[in-house]
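**Student:** Pasting entry_14.csv here (CSV, C-alpha atoms and all ligand atoms):
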```csv
chain,number,residue,atom,x,y,z
A,1,MET,CA,0.0,0.0,0.0
A,2,PRO,CA,1.5,3.4,-0.9
A,3,THR,CA,1.5,5.9,2.0
A,4,ASP,CA,0.3,9.5,2.0
A,5,ALA,CA,3.9,10.6,2.3
A,6,MET,CA,4.9,9.1,-1.0
A,7,ILE,CA,4.8,11.1,-4.2
A,8,ASN,CA,2.5,9.5,-6.7
A,9,LEU,CA,4.4,9.9,-10.0
A,10,TYR,CA,1.0,10.3,-11.8
A,11,ASP,CA,0.5,13.5,-9.9
A,12,LEU,CA,3.4,15.1,-11.8
A,13,SER,CA,3.5,16.9,-15.1
A,14,LEU,CA,6.6,16.4,-17.3
A,15,PRO,CA,8.2,19.7,-16.1
A,16,GLU,CA,7.5,18.7,-12.4
A,17,LEU,CA,9.0,15.3,-13.0
A,18,THR,CA,12.0,17.0,-14.6
A,19,THR,CA,12.4,19.3,-11.6
A,20,LEU,CA,12.2,16.4,-9.1
A,21,LEU,CA,14.8,14.3,-10.9
A,22,ALA,CA,17.1,17.4,-11.3
A,23,GLU,CA,16.9,17.8,-7.5
A,24,TRP,CA,18.0,14.2,-7.2
A,25,GLY,CA,21.0,15.0,-9.3
A,26,GLN,CA,19.8,13.1,-12.4
A,27,PRO,CA,20.6,14.2,-16.0
A,28,ALA,CA,17.8,16.0,-17.9
A,29,TYR,CA,17.0,13.1,-20.2
A,30,ARG,CA,16.0,10.8,-17.3
A,31,ALA,CA,12.6,12.6,-16.8
A,32,ARG,CA,11.6,11.7,-20.4
A,33,GLN,CA,12.7,8.1,-19.8
A,34,VAL,CA,10.6,7.8,-16.7
A,35,TRP,CA,7.7,9.6,-18.5
A,36,GLU,CA,7.7,7.0,-21.2
A,37,TRP,CA,7.8,4.1,-18.7
A,38,LEU,CA,4.7,5.7,-17.1
A,39,TYR,CA,2.6,6.6,-20.1
A,40,ARG,CA,3.9,4.5,-23.0
A,41,HIS,CA,4.9,1.2,-21.3
A,42,TYR,CA,2.4,1.4,-18.4
A,43,ALA,CA,5.1,0.1,-16.0
A,44,GLY,CA,3.6,-1.4,-12.9
A,45,SER,CA,6.8,-1.6,-10.9
A,46,PHE,CA,10.1,0.2,-10.8
A,47,ASP,CA,12.0,-3.1,-11.6
A,48,GLU,CA,10.5,-3.0,-15.1
A,49,MET,CA,12.2,0.4,-15.8
A,50,SER,CA,15.2,-1.3,-17.3
A,51,THR,CA,16.8,1.8,-18.9
A,52,LEU,CA,17.2,3.5,-15.5
A,53,PRO,CA,20.2,2.9,-13.2
A,54,GLY,CA,19.5,0.6,-10.2
A,55,THR,CA,20.2,3.3,-7.6
A,56,LEU,CA,17.5,5.6,-9.2
A,57,ARG,CA,15.0,2.7,-9.3
A,58,GLU,CA,15.6,2.1,-5.6
A,59,ARG,CA,15.1,5.7,-4.7
A,60,LEU,CA,12.0,5.9,-6.8
A,61,ALA,CA,10.7,2.7,-5.1
A,62,ARG,CA,11.4,4.2,-1.7
A,63,GLU,CA,9.9,7.7,-2.1
A,64,THR,CA,7.3,7.4,-4.9
A,65,THR,CA,4.5,5.1,-6.0
A,66,LEU,CA,2.8,4.1,-9.3
A,67,VAL,CA,-0.4,2.9,-7.9
A,68,ILE,CA,-3.3,4.6,-6.2
A,69,GLY,CA,-4.0,2.1,-3.5
A,70,GLU,CA,-5.1,-1.5,-3.1
A,71,VAL,CA,-7.6,-3.5,-5.0
A,72,ALA,CA,-10.2,-4.2,-2.3
A,73,LEU,CA,-12.6,-6.1,-4.5
A,74,SER,CA,-12.6,-7.1,-8.2
A,75,GLN,CA,-15.6,-8.6,-10.0
A,76,ASN,CA,-16.4,-9.8,-13.5
A,77,SER,CA,-19.9,-9.8,-14.8
A,78,SER,CA,-21.4,-13.2,-15.7
A,79,ASP,CA,-20.8,-12.6,-19.4
A,80,GLY,CA,-17.2,-11.6,-18.7
A,81,GLN,CA,-17.6,-8.3,-20.6
A,82,THR,CA,-17.7,-6.0,-17.6
A,83,LYS,CA,-15.2,-5.8,-14.8
A,84,LYS,CA,-15.5,-3.7,-11.8
A,85,VAL,CA,-12.7,-2.8,-9.3
A,86,LEU,CA,-13.1,-1.2,-5.9
A,87,PHE,CA,-9.9,0.6,-4.8
A,88,GLN,CA,-9.0,1.4,-1.3
A,89,LEU,CA,-7.0,4.6,-1.2
A,90,PRO,CA,-4.2,5.2,1.4
A,91,ASP,CA,-6.5,7.2,3.7
A,92,GLY,CA,-9.1,4.5,3.7
A,93,GLN,CA,-11.5,5.9,1.1
A,94,TYR,CA,-13.0,3.7,-1.5
A,95,ILE,CA,-13.6,4.4,-5.2
A,96,GLU,CA,-14.8,2.4,-8.1
A,97,THR,CA,-13.8,1.9,-11.7
A,98,VAL,CA,-15.5,-0.2,-14.3
A,99,LEU,CA,-14.2,-1.6,-17.6
A,100,MET,CA,-16.8,-2.3,-20.3
A,101,ARG,CA,-15.7,-4.4,-23.2
A,102,TYR,CA,-17.6,-3.8,-26.5
A,103,GLU,CA,-16.9,-5.3,-29.9
A,104,LYS,CA,-14.3,-2.6,-30.8
A,105,ARG,CA,-14.2,-0.4,-27.7
A,106,ARG,CA,-12.7,-0.8,-24.3
A,107,THR,CA,-14.5,1.8,-22.2
A,108,LEU,CA,-13.6,2.8,-18.7
A,109,CYS,CA,-16.0,4.4,-16.3
A,110,ILE,CA,-13.9,6.3,-13.8
A,111,SER,CA,-14.5,8.2,-10.5
A,112,THR,CA,-13.5,11.8,-9.8
A,113,GLN,CA,-14.4,12.0,-6.1
A,114,ALA,CA,-14.8,9.7,-3.1
A,115,GLY,CA,-18.6,10.0,-2.6
A,116,CYS,CA,-20.5,13.0,-3.9
A,117,ALA,CA,-22.0,16.2,-2.5
A,118,MET,CA,-24.9,16.5,-4.9
A,119,GLY,CA,-27.3,14.1,-3.2
A,120,CYS,CA,-29.3,12.9,-6.2
A,121,VAL,CA,-31.9,10.7,-4.6
A,122,PHE,CA,-31.6,7.6,-6.9
A,123,CYS,CA,-27.8,7.5,-6.9
A,124,ALA,CA,-25.8,5.1,-4.6
A,125,THR,CA,-22.9,7.6,-4.5
A,126,GLY,CA,-25.2,10.5,-3.7
A,127,GLN,CA,-26.7,8.5,-0.9
A,128,MET,CA,-23.3,8.1,0.8
A,129,GLY,CA,-22.4,11.8,0.9
A,130,PHE,CA,-19.2,13.5,0.1
A,131,MET,CA,-15.8,12.3,1.4
A,132,ARG,CA,-13.2,14.2,-0.7
A,133,HIS,CA,-12.0,15.2,-4.1
A,134,LEU,CA,-9.6,12.8,-5.9
A,135,SER,CA,-6.1,14.0,-6.8
A,136,VAL,CA,-4.9,14.0,-10.4
A,137,ALA,CA,-3.0,10.8,-9.8
A,138,GLU,CA,-6.0,9.1,-8.3
A,139,ILE,CA,-8.0,9.9,-11.5
A,140,VAL,CA,-5.2,9.1,-13.9
A,141,GLY,CA,-4.2,6.0,-11.9
A,142,GLN,CA,-7.5,4.3,-12.4
A,143,VAL,CA,-6.9,4.4,-16.1
A,144,MET,CA,-3.3,3.2,-15.8
A,145,HIS,CA,-4.4,0.2,-13.7
A,146,PHE,CA,-6.6,-1.0,-16.5
A,147,ALA,CA,-4.2,0.1,-19.3
A,148,ARG,CA,-1.7,-2.3,-17.7
A,149,GLU,CA,-4.3,-5.2,-17.5
A,150,LEU,CA,-5.4,-4.6,-21.1
A,151,ALA,CA,-1.8,-4.4,-22.4
A,152,ALA,CA,-1.2,-7.9,-21.2
A,153,GLU,CA,-4.0,-8.9,-23.6
A,154,ASP,CA,-2.6,-6.7,-26.3
A,155,GLN,CA,-5.5,-4.3,-25.9
A,156,HIS,CA,-6.0,-0.6,-25.0
A,157,VAL,CA,-8.3,1.7,-23.2
A,158,THR,CA,-10.1,3.3,-26.2
A,159,ASN,CA,-12.8,5.5,-24.4
A,160,ILE,CA,-13.3,7.0,-20.9
A,161,VAL,CA,-16.5,8.2,-19.4
A,162,MET,CA,-16.4,10.2,-16.2
A,163,MET,CA,-19.5,8.6,-14.8
A,164,GLY,CA,-18.2,6.8,-11.8
A,165,MET,CA,-18.3,8.2,-8.3
A,166,GLY,CA,-18.4,11.9,-7.9
A,167,GLU,CA,-19.3,15.1,-9.8
A,168,PRO,CA,-16.4,15.8,-12.1
A,169,LEU,CA,-17.0,19.6,-12.4
A,170,HIS,CA,-17.1,19.9,-8.6
A,171,ASN,CA,-13.5,18.8,-8.8
A,172,TYR,CA,-12.8,20.9,-11.9
A,173,ASP,CA,-9.1,21.5,-11.6
A,174,ASN,CA,-8.0,18.0,-10.9
A,175,THR,CA,-10.5,16.4,-13.4
A,176,LEU,CA,-9.4,18.7,-16.2
A,177,ALA,CA,-5.7,18.3,-15.3
A,178,ALA,CA,-6.3,14.5,-15.6
A,179,VAL,CA,-7.9,15.0,-19.0
A,180,ASP,CA,-4.9,17.0,-20.1
A,181,ARG,CA,-2.6,14.4,-18.9
A,182,LEU,CA,-4.4,11.5,-20.6
A,183,THR,CA,-4.6,13.3,-23.9
A,184,ASP,CA,-0.9,14.5,-23.8
A,185,ALA,CA,0.6,13.5,-27.2
A,186,THR,CA,4.0,12.8,-25.5
A,187,GLY,CA,2.3,10.5,-23.0
A,188,PHE,CA,-0.9,8.4,-23.0
A,189,ASN,CA,-2.1,10.2,-26.1
A,190,LEU,CA,-5.8,9.4,-25.9
A,191,GLY,CA,-8.0,11.5,-28.3
A,192,ALA,CA,-9.8,14.3,-26.4
A,193,ARG,CA,-13.1,13.2,-28.1
A,194,LYS,CA,-12.8,9.8,-26.5
A,195,ILE,CA,-13.3,11.2,-23.0
A,196,THR,CA,-16.8,12.1,-21.9
A,197,ILE,CA,-17.4,14.3,-18.9
A,198,SER,CA,-20.8,13.9,-17.3
A,199,THR,CA,-22.1,16.7,-15.0
A,200,VAL,CA,-25.2,17.1,-12.9
A,201,GLY,CA,-25.4,20.7,-14.2
A,202,LEU,CA,-23.0,23.0,-12.3
A,203,ILE,CA,-23.7,26.1,-14.3
A,204,PRO,CA,-20.6,28.3,-13.6
A,205,ALA,CA,-18.4,25.2,-14.4
A,206,ILE,CA,-20.3,24.5,-17.6
A,207,ARG,CA,-19.7,28.1,-18.7
A,208,ARG,CA,-16.0,27.9,-17.8
A,209,TYR,CA,-15.7,24.6,-19.7
A,210,ALA,CA,-17.3,26.3,-22.8
A,211,ASP,CA,-15.0,29.3,-22.4
A,212,GLU,CA,-11.9,27.1,-22.3
A,213,GLN,CA,-13.1,25.5,-25.6
A,214,ARG,CA,-12.7,22.0,-24.3
A,215,GLN,CA,-12.7,19.3,-26.9
A,216,THR,CA,-13.8,16.5,-24.5
A,217,PRO,CA,-17.6,15.9,-25.0
A,218,LEU,CA,-19.9,17.0,-22.2
A,219,ALA,CA,-23.0,15.1,-21.0
A,220,VAL,CA,-25.5,16.8,-18.7
A,221,SER,CA,-27.6,14.7,-16.3
A,222,LEU,CA,-31.1,16.1,-16.9
A,223,HIS,CA,-33.5,13.4,-15.6
A,224,ALA,CA,-36.5,15.8,-15.5
A,225,ALA,CA,-37.9,18.6,-17.6
A,226,THR,CA,-39.7,20.6,-14.9
A,227,ASP,CA,-38.2,22.3,-11.9
A,228,GLU,CA,-40.7,20.6,-9.6
A,229,GLU,CA,-39.7,17.1,-10.8
A,230,ARG,CA,-36.0,17.8,-11.2
A,231,GLY,CA,-35.8,19.5,-7.8
A,232,ARG,CA,-37.3,16.3,-6.3
A,233,LEU,CA,-34.7,14.0,-7.9
A,234,LEU,CA,-31.7,16.3,-8.0
A,235,PRO,CA,-31.3,18.8,-5.1
A,236,VAL,CA,-28.8,20.8,-7.2
A,237,ASN,CA,-31.7,22.0,-9.3
A,238,ARG,CA,-32.9,24.2,-6.4
A,239,ARG,CA,-29.7,26.1,-6.7
A,240,TRP,CA,-29.4,26.1,-10.5
A,241,PRO,CA,-32.9,25.7,-12.0
A,242,LEU,CA,-33.7,24.4,-15.5
A,243,ALA,CA,-34.0,27.6,-17.4
A,244,GLU,CA,-30.5,28.7,-16.3
A,245,LEU,CA,-29.1,25.3,-17.0
A,246,MET,CA,-30.5,25.2,-20.5
A,247,GLU,CA,-29.1,28.7,-21.1
A,248,ALA,CA,-25.7,27.4,-20.0
A,249,CYS,CA,-26.1,24.4,-22.3
A,250,ARG,CA,-27.0,26.6,-25.3
A,251,TYR,CA,-23.9,28.8,-24.5
A,252,TYR,CA,-21.7,25.7,-24.5
A,253,VAL,CA,-23.1,24.5,-27.9
A,254,ALA,CA,-22.7,28.1,-29.4
A,255,LYS,CA,-19.2,28.4,-28.1
A,256,THR,CA,-17.9,25.0,-29.1
A,257,GLY,CA,-20.2,24.0,-32.0
A,258,ARG,CA,-20.4,20.6,-30.3
A,259,ARG,CA,-23.5,18.5,-29.7
A,260,MET,CA,-24.5,18.1,-26.2
A,261,THR,CA,-25.7,14.8,-24.6
A,262,PHE,CA,-28.4,14.7,-22.0
A,263,GLU,CA,-28.7,11.7,-19.6
A,264,TRP,CA,-32.1,10.6,-18.4
A,265,ALA,CA,-32.5,7.7,-16.0
A,266,LEU,CA,-36.1,6.5,-16.6
A,267,ILE,CA,-37.9,5.9,-13.3
A,268,ALA,CA,-41.4,4.2,-13.5
A,269,GLU,CA,-44.2,6.7,-13.0
A,270,GLU,CA,-41.8,9.3,-11.9
A,271,ASN,CA,-40.0,10.9,-14.8
A,272,ASP,CA,-41.1,8.5,-17.6
A,273,THR,CA,-44.6,10.0,-18.1
A,274,GLU,CA,-45.9,11.4,-21.4
A,275,GLU,CA,-46.1,14.8,-19.7
A,276,GLN,CA,-42.3,14.8,-18.9
A,277,ALA,CA,-41.6,13.5,-22.4
A,278,HIS,CA,-43.5,16.5,-23.9
A,279,LYS,CA,-41.8,19.0,-21.6
A,280,LEU,CA,-38.4,17.5,-22.6
A,281,GLY,CA,-39.3,17.7,-26.3
A,282,GLU,CA,-40.2,21.4,-25.8
A,283,LEU,CA,-37.0,22.0,-23.9
A,284,LEU,CA,-34.7,20.5,-26.5
A,285,ARG,CA,-36.6,21.2,-29.7
A,286,GLY,CA,-34.2,22.7,-32.3
A,287,MET,CA,-31.1,22.2,-30.2
A,288,LEU,CA,-27.9,20.5,-31.1
A,289,GLY,CA,-28.4,17.7,-28.6
A,290,HIS,CA,-29.1,14.0,-28.0
A,291,VAL,CA,-30.8,12.1,-25.2
A,292,ASN,CA,-29.5,8.9,-23.6
A,293,LEU,CA,-32.3,7.1,-21.9
A,294,ILE,CA,-31.2,4.7,-19.2
A,295,PRO,CA,-33.7,2.6,-17.3
A,296,LEU,CA,-33.0,3.2,-13.6
A,297,ASN,CA,-30.6,0.9,-11.9
A,298,PRO,CA,-32.3,0.2,-8.5
A,299,THR,CA,-30.2,1.2,-5.4
A,300,ALA,CA,-30.6,0.4,-1.7
A,301,GLY,CA,-31.6,3.9,-0.6
A,302,TYR,CA,-34.3,4.6,-3.2
A,303,GLY,CA,-37.6,2.9,-3.8
A,304,GLY,CA,-38.0,3.8,-7.5
A,305,LYS,CA,-38.3,1.2,-10.2
A,306,PRO,CA,-36.9,1.1,-13.8
A,307,SER,CA,-39.5,1.9,-16.5
A,308,SER,CA,-41.0,-0.9,-18.6
A,309,PRO,CA,-39.7,-1.4,-22.2
A,310,GLU,CA,-43.2,-0.2,-23.4
A,311,GLN,CA,-43.0,3.0,-21.5
A,312,VAL,CA,-39.4,3.6,-22.7
A,313,ALA,CA,-40.7,3.2,-26.3
A,314,ARG,CA,-43.6,5.6,-25.7
A,315,PHE,CA,-41.2,8.2,-24.2
A,316,GLN,CA,-38.9,7.9,-27.2
A,317,GLU,CA,-41.9,8.3,-29.6
A,318,VAL,CA,-42.9,11.5,-28.0
A,319,LEU,CA,-39.4,12.9,-28.1
A,320,SER,CA,-39.1,12.0,-31.8
A,321,SER,CA,-42.3,13.9,-32.5
A,322,TYR,CA,-40.3,17.0,-31.5
A,323,GLY,CA,-37.3,16.1,-33.7
A,324,VAL,CA,-35.3,15.2,-30.6
A,325,THR,CA,-33.1,12.1,-31.1
A,326,SER,CA,-32.6,9.6,-28.3
A,327,THR,CA,-30.9,6.2,-27.7
A,328,VAL,CA,-31.8,3.7,-25.0
A,329,ARG,CA,-28.8,2.5,-23.2
A,330,VAL,CA,-28.7,-0.7,-21.2
A,331,ARG,CA,-26.7,-0.5,-17.9
A,332,ARG,CA,-23.8,-2.9,-18.1
A,333,GLY,CA,-22.9,-5.2,-15.3
A,334,ILE,CA,-26.1,-5.0,-13.3
A,335,ASP,CA,-25.2,-8.4,-11.8
A,336,ILE,CA,-22.0,-7.0,-10.3
A,337,GLN,CA,-23.5,-3.8,-8.9
A,338,ALA,CA,-21.7,-1.8,-11.6
A,339,GLY,CA,-23.9,1.3,-11.1
A,340,CYS,CA,-21.7,3.9,-9.4
A,341,GLY,CA,-21.3,3.6,-5.7
A,342,GLN,CA,-22.9,0.2,-5.4
A,343,LEU,CA,-19.9,-2.0,-5.1
A,344,ARG,CA,-18.5,0.0,-2.1
A,345,ASP,CA,-21.9,-0.4,-0.3
A,346,ARG,CA,-21.8,-4.1,-0.8
A,347,HIS,CA,-18.2,-4.4,0.3
A,348,LEU,CA,-18.9,-2.5,3.5
A,349,ASN,CA,-22.1,-4.4,4.2
A,350,ASP,CA,-20.3,-7.7,3.7
A,351,ALA,CA,-17.4,-6.5,6.0
A,352,GLY,CA,-20.0,-5.5,8.6
A,353,ARG,CA,-21.7,-8.9,8.5
A,354,ALA,CA,-18.3,-10.6,8.8
A,355,ALA,CA,-17.3,-8.5,11.9
B,401,LIG,N1,-21.9,13.2,-11.2
B,401,LIG,C1,-22.0,13.1,-12.6
B,401,LIG,C2,-21.3,11.9,-13.1
B,401,LIG,C3,-21.4,10.6,-12.4
B,401,LIG,S1,-23.0,9.8,-12.4
B,401,LIG,C4,-23.4,13.1,-13.1
B,401,LIG,O1,-24.3,13.1,-12.2
B,401,LIG,O2,-23.7,13.3,-14.3
B,401,LIG,C5,-23.2,9.2,-14.1
B,401,LIG,C6,-24.6,9.1,-14.6
B,401,LIG,O3,-25.2,8.0,-13.9
B,401,LIG,C7,-25.4,10.3,-14.3
B,401,LIG,O4,-26.2,10.6,-15.5
B,401,LIG,C8,-26.3,9.8,-13.2
B,401,LIG,O5,-27.5,10.6,-13.1
B,401,LIG,C9,-26.5,8.4,-13.5
B,401,LIG,N2,-27.0,7.6,-12.4
B,401,LIG,C10,-26.7,7.6,-11.1
B,401,LIG,N3,-27.3,6.7,-10.4
B,401,LIG,C11,-28.1,6.0,-11.3
B,401,LIG,C12,-29.0,4.9,-11.2
B,401,LIG,N4,-29.3,4.4,-10.0
B,401,LIG,N5,-29.6,4.5,-12.3
B,401,LIG,C13,-29.4,5.0,-13.5
B,401,LIG,N6,-28.5,6.1,-13.7
B,401,LIG,C14,-27.9,6.5,-12.6
B,402,LIG,FE1,-23.3,12.9,-7.6
B,402,LIG,FE2,-23.8,12.3,-10.2
B,402,LIG,FE3,-24.6,10.6,-8.2
B,402,LIG,FE4,-25.8,13.0,-8.6
B,402,LIG,S1,-25.8,11.3,-10.0
B,402,LIG,S2,-25.1,12.2,-6.6
B,402,LIG,S3,-24.0,14.3,-9.2
B,402,LIG,S4,-22.5,11.1,-8.8
```
As structure tokens, please, write out the structure in this file.
Ligand code: SAH
Ligand code: SF4
**Tutor:**
Amino acid sequence: MPTDAMINLYDLSLPELTTLLAEWGQPAYRARQVWEWLYRHYAGSFDEMSTLPGTLRERLARETTLVIGEVALSQNSSDGQTKKVLFQLPDGQYIETVLMRYEKRRTLCISTQAGCAMGCVFCATGQMGFMRHLSVAEIVGQVMHFARELAAEDQHVTNIVMMGMGEPLHNYDNTLAAVDRLTDATGFNLGARKITISTVGLIPAIRRYADEQRQTPLAVSLHAATDEERGRLLPVNRRWPLAELMEACRYYVAKTGRRMTFEWALIAEENDTEEQAHKLGELLRGMLGHVNLIPLNPTAGYGGKPSSPEQVARFQEVLSSYGVTSTVRVRRGIDIQAGCGQLRDRHLNDAGRAA
């Protein structure tokens, strides 16, 4: 287990790594060598860094780390296509990362915070409350863990979605620094368009994101099309209501020319009604946007149920009558509690029972 006192090398930019190694009396080219071991070869240990002198490897092993913590639990779905890992961080916090294998893609769903402050009623992470922000290394390190595993099978991480635990735009600086790191052409070199950031709708952060002309796609978790309904499901709506949110979304589309995705977890007889569908159609009519409809993944702390396939189809029909396109997404890995936050809950409950 790494300790809090150790430097996680994935926290450092190339200039910072260069400074550290210069302080250790190393020649300038060493930083680039280490960088390539980190981001090109996905080294899992310092022993693998065969181009470095033994004394440097020993010092790195003593004072720095390459991993974010310990794997507390790891689970494969019954079809073997989805794998979920629960990491325990050095301070005892837990975070979850999920690998989803599709025909051509290897998509990772990563966490940006331990817990979440936004309190969405149907979300397992929201139900546990906020613990802390993740560091850059803790965000990047989740990707590197799976990059190593996939490399052993001659495969790569092809896509990332920031849809694990936490609200990415609440941890803006570290999340976007992690994006910059993962897309760095001298390092991991993932295309910016391959990383999707999902937000509950923090308006000032959406505007900042638009102003920075970010290339990473943005998804907004809408889930309801009236303030009354949205305020019930997403407490954040009471601070930043729908009209202002939609204004920020239009600002983003105008600034970046990019399509916006809206997430909608369909909950039976809650937000899957024809009335909500019509309101959503009115809200998005004529906008450069797309709706992802996801039947609710039931969680321990919320009584709602997923919508029936018939209701999902009716909802979609109403949307299309407004010219609003939508896709129904199936939650992967339901049998391994792959919805965000659910594996931690199970782990802690099991541990509680064992004690
Ligand atoms: N905090 C960000 C990203 C993490 S949640 C956000 O809220 O957008 C990723 C997505 O999963 C969000 O759209 C969220 O609303 C959705 N989600 C959370 N719990 C869910 C559940 N139980 N069933 C279906 N979708 C859920
Ligand atoms: Fe946080 Fe997103 Fe869950 Fe809401 S849905 S509580 S914003 S992680």
**Student:** Excluding Gln311 of chain A and any residue of its chain fewer than 5 positions from it, enumerate the residues within 12 Å of it, using only C-alpha atoms, and give them as a VMD selection string.
**Tutor:** chain A and resid 266 to 274 277 293 295 306 316 to 318 328
**Student:** Could you list, as a ChimeraX atom specification, all residues that come within 10 Å of ligand LIG 402 (chain B)? Count only C-alpha atoms and all ligand atoms.
**Tutor:** /A:111-130,162-170,198-202,220-223,233-236,265,339-341
**Student:** Restricting the calculation to all atoms listed in the file, which member of A:Ser326, A:Asn76, A:Thr158, A:Asn237 is positioned closest to Gly281 of chain A?
**Tutor:**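 Among the listed residues, A:Ser326 lies closest to Gly281 of chain A.
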**Student:** At a cut-off of 12 Å, using all atoms listed in the file, what residues contact Ala210 of chain A? Leave out same-chain residues fewer than 5 positions from it and give the result as a list of chain:residue names.
**Tutor:**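 These residues fall inside the cut-off: A:Ile203, A:Pro204, A:Ala205, A:Gln215, A:Thr216, A:Pro217, A:Leu218, A:Ala248, A:Cys249, A:Arg250, A:Tyr251, A:Tyr252, A:Val253, A:Ala254, A:Lys255, A:Thr256, A:Gly257, A:Arg258, A:Met260.
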**Student:** Tell me, as a PyMOL selection string, which residues lie within 12 Å of Val34 of chain A, counting only C-alpha atoms; anything in the same chain fewer than 2 positions away does not count.
**Tutor:** chain A and resi 9-10+12-14+17-18+20-21+26-32+36-43+45-46+48-53+56-57+60+66+187
**Student:** Which residue, A:His278, A:Arg232, A:Ile110, A:Leu182, has the smallest gap to ligand LIG 401 (chain B) when you use only C-alpha atoms and all ligand atoms?
**Tutor:**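 Ranked by minimum distance to ligand LIG 401 (chain B), first place goes to A:Ile110.
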**Student:** Would you pull segment 63-68 of chain A out of the block just shown and save all heavy atoms as an mmCIF file, in the first residue's frame?
**Tutor:**
```cif
data_model
loop_
_atom_site.group_PDB
_atom_site.id
_atom_site.type_symbol
_atom_site.label_atom_id
_atom_site.label_comp_id
_atom_site.auth_asym_id
_atom_site.auth_seq_id
_atom_site.Cartn_x
_atom_site.Cartn_y
_atom_site.Cartn_z
ATOM 1 N N GLU A 63 10.578 6.376 -2.388
ATOM 2 C CA GLU A 63 9.931 7.673 -2.150
ATOM 3 C C GLU A 63 8.704 7.960 -3.018
ATOM 4 O O GLU A 63 7.997 8.935 -2.787
ATOM 5 C CB GLU A 63 10.965 8.800 -2.364
ATOM 6 C CG GLU A 63 12.112 8.697 -1.375
ATOM 7 C CD GLU A 63 13.124 9.820 -1.533
ATOM 8 O OE1 GLU A 63 12.728 10.937 -1.927
ATOM 9 O OE2 GLU A 63 14.323 9.562 -1.273
ATOM 10 N N THR A 64 8.484 7.122 -4.012
ATOM 11 C CA THR A 64 7.345 7.393 -4.902
ATOM 12 C C THR A 64 6.525 6.119 -5.118
ATOM 13 O O THR A 64 6.942 5.030 -4.736
ATOM 14 C CB THR A 64 7.801 7.920 -6.290
ATOM 15 O OG1 THR A 64 8.354 6.835 -7.049
ATOM 16 C CG2 THR A 64 8.834 9.026 -6.165
ATOM 17 N N THR A 65 5.386 6.291 -5.739
ATOM 18 C CA THR A 65 4.544 5.124 -6.038
ATOM 19 C C THR A 65 3.903 5.276 -7.418
ATOM 20 O O THR A 65 3.787 6.380 -7.947
ATOM 21 C CB THR A 65 3.471 4.911 -4.949
ATOM 22 O OG1 THR A 65 2.670 3.783 -5.309
ATOM 23 C CG2 THR A 65 2.558 6.121 -4.804
ATOM 24 N N LEU A 66 3.480 4.143 -7.977
ATOM 25 C CA LEU A 66 2.840 4.112 -9.297
ATOM 26 C C LEU A 66 1.378 3.725 -9.203
ATOM 27 O O LEU A 66 0.673 3.696 -10.199
ATOM 28 C CB LEU A 66 3.525 3.055 -10.183
ATOM 29 C CG LEU A 66 5.004 3.207 -10.453
ATOM 30 C CD1 LEU A 66 5.552 1.933 -11.089
ATOM 31 C CD2 LEU A 66 5.225 4.393 -11.366
ATOM 32 N N VAL A 67 0.949 3.362 -7.995
ATOM 33 C CA VAL A 67 -0.432 2.875 -7.852
ATOM 34 C C VAL A 67 -1.201 3.770 -6.886
ATOM 35 O O VAL A 67 -0.610 4.468 -6.062
ATOM 36 C CB VAL A 67 -0.485 1.402 -7.368
ATOM 37 C CG1 VAL A 67 0.142 0.485 -8.401
ATOM 38 C CG2 VAL A 67 0.181 1.234 -6.021
ATOM 39 N N ILE A 68 -2.533 3.723 -6.993
ATOM 40 C CA ILE A 68 -3.332 4.632 -6.173
ATOM 41 C C ILE A 68 -3.724 4.024 -4.833
ATOM 42 O O ILE A 68 -4.141 4.727 -3.937
ATOM 43 C CB ILE A 68 -4.615 5.087 -6.919
ATOM 44 C CG1 ILE A 68 -5.468 3.902 -7.371
ATOM 45 C CG2 ILE A 68 -4.245 5.945 -8.101
ATOM 46 C CD1 ILE A 68 -6.781 4.321 -8.024
#
```
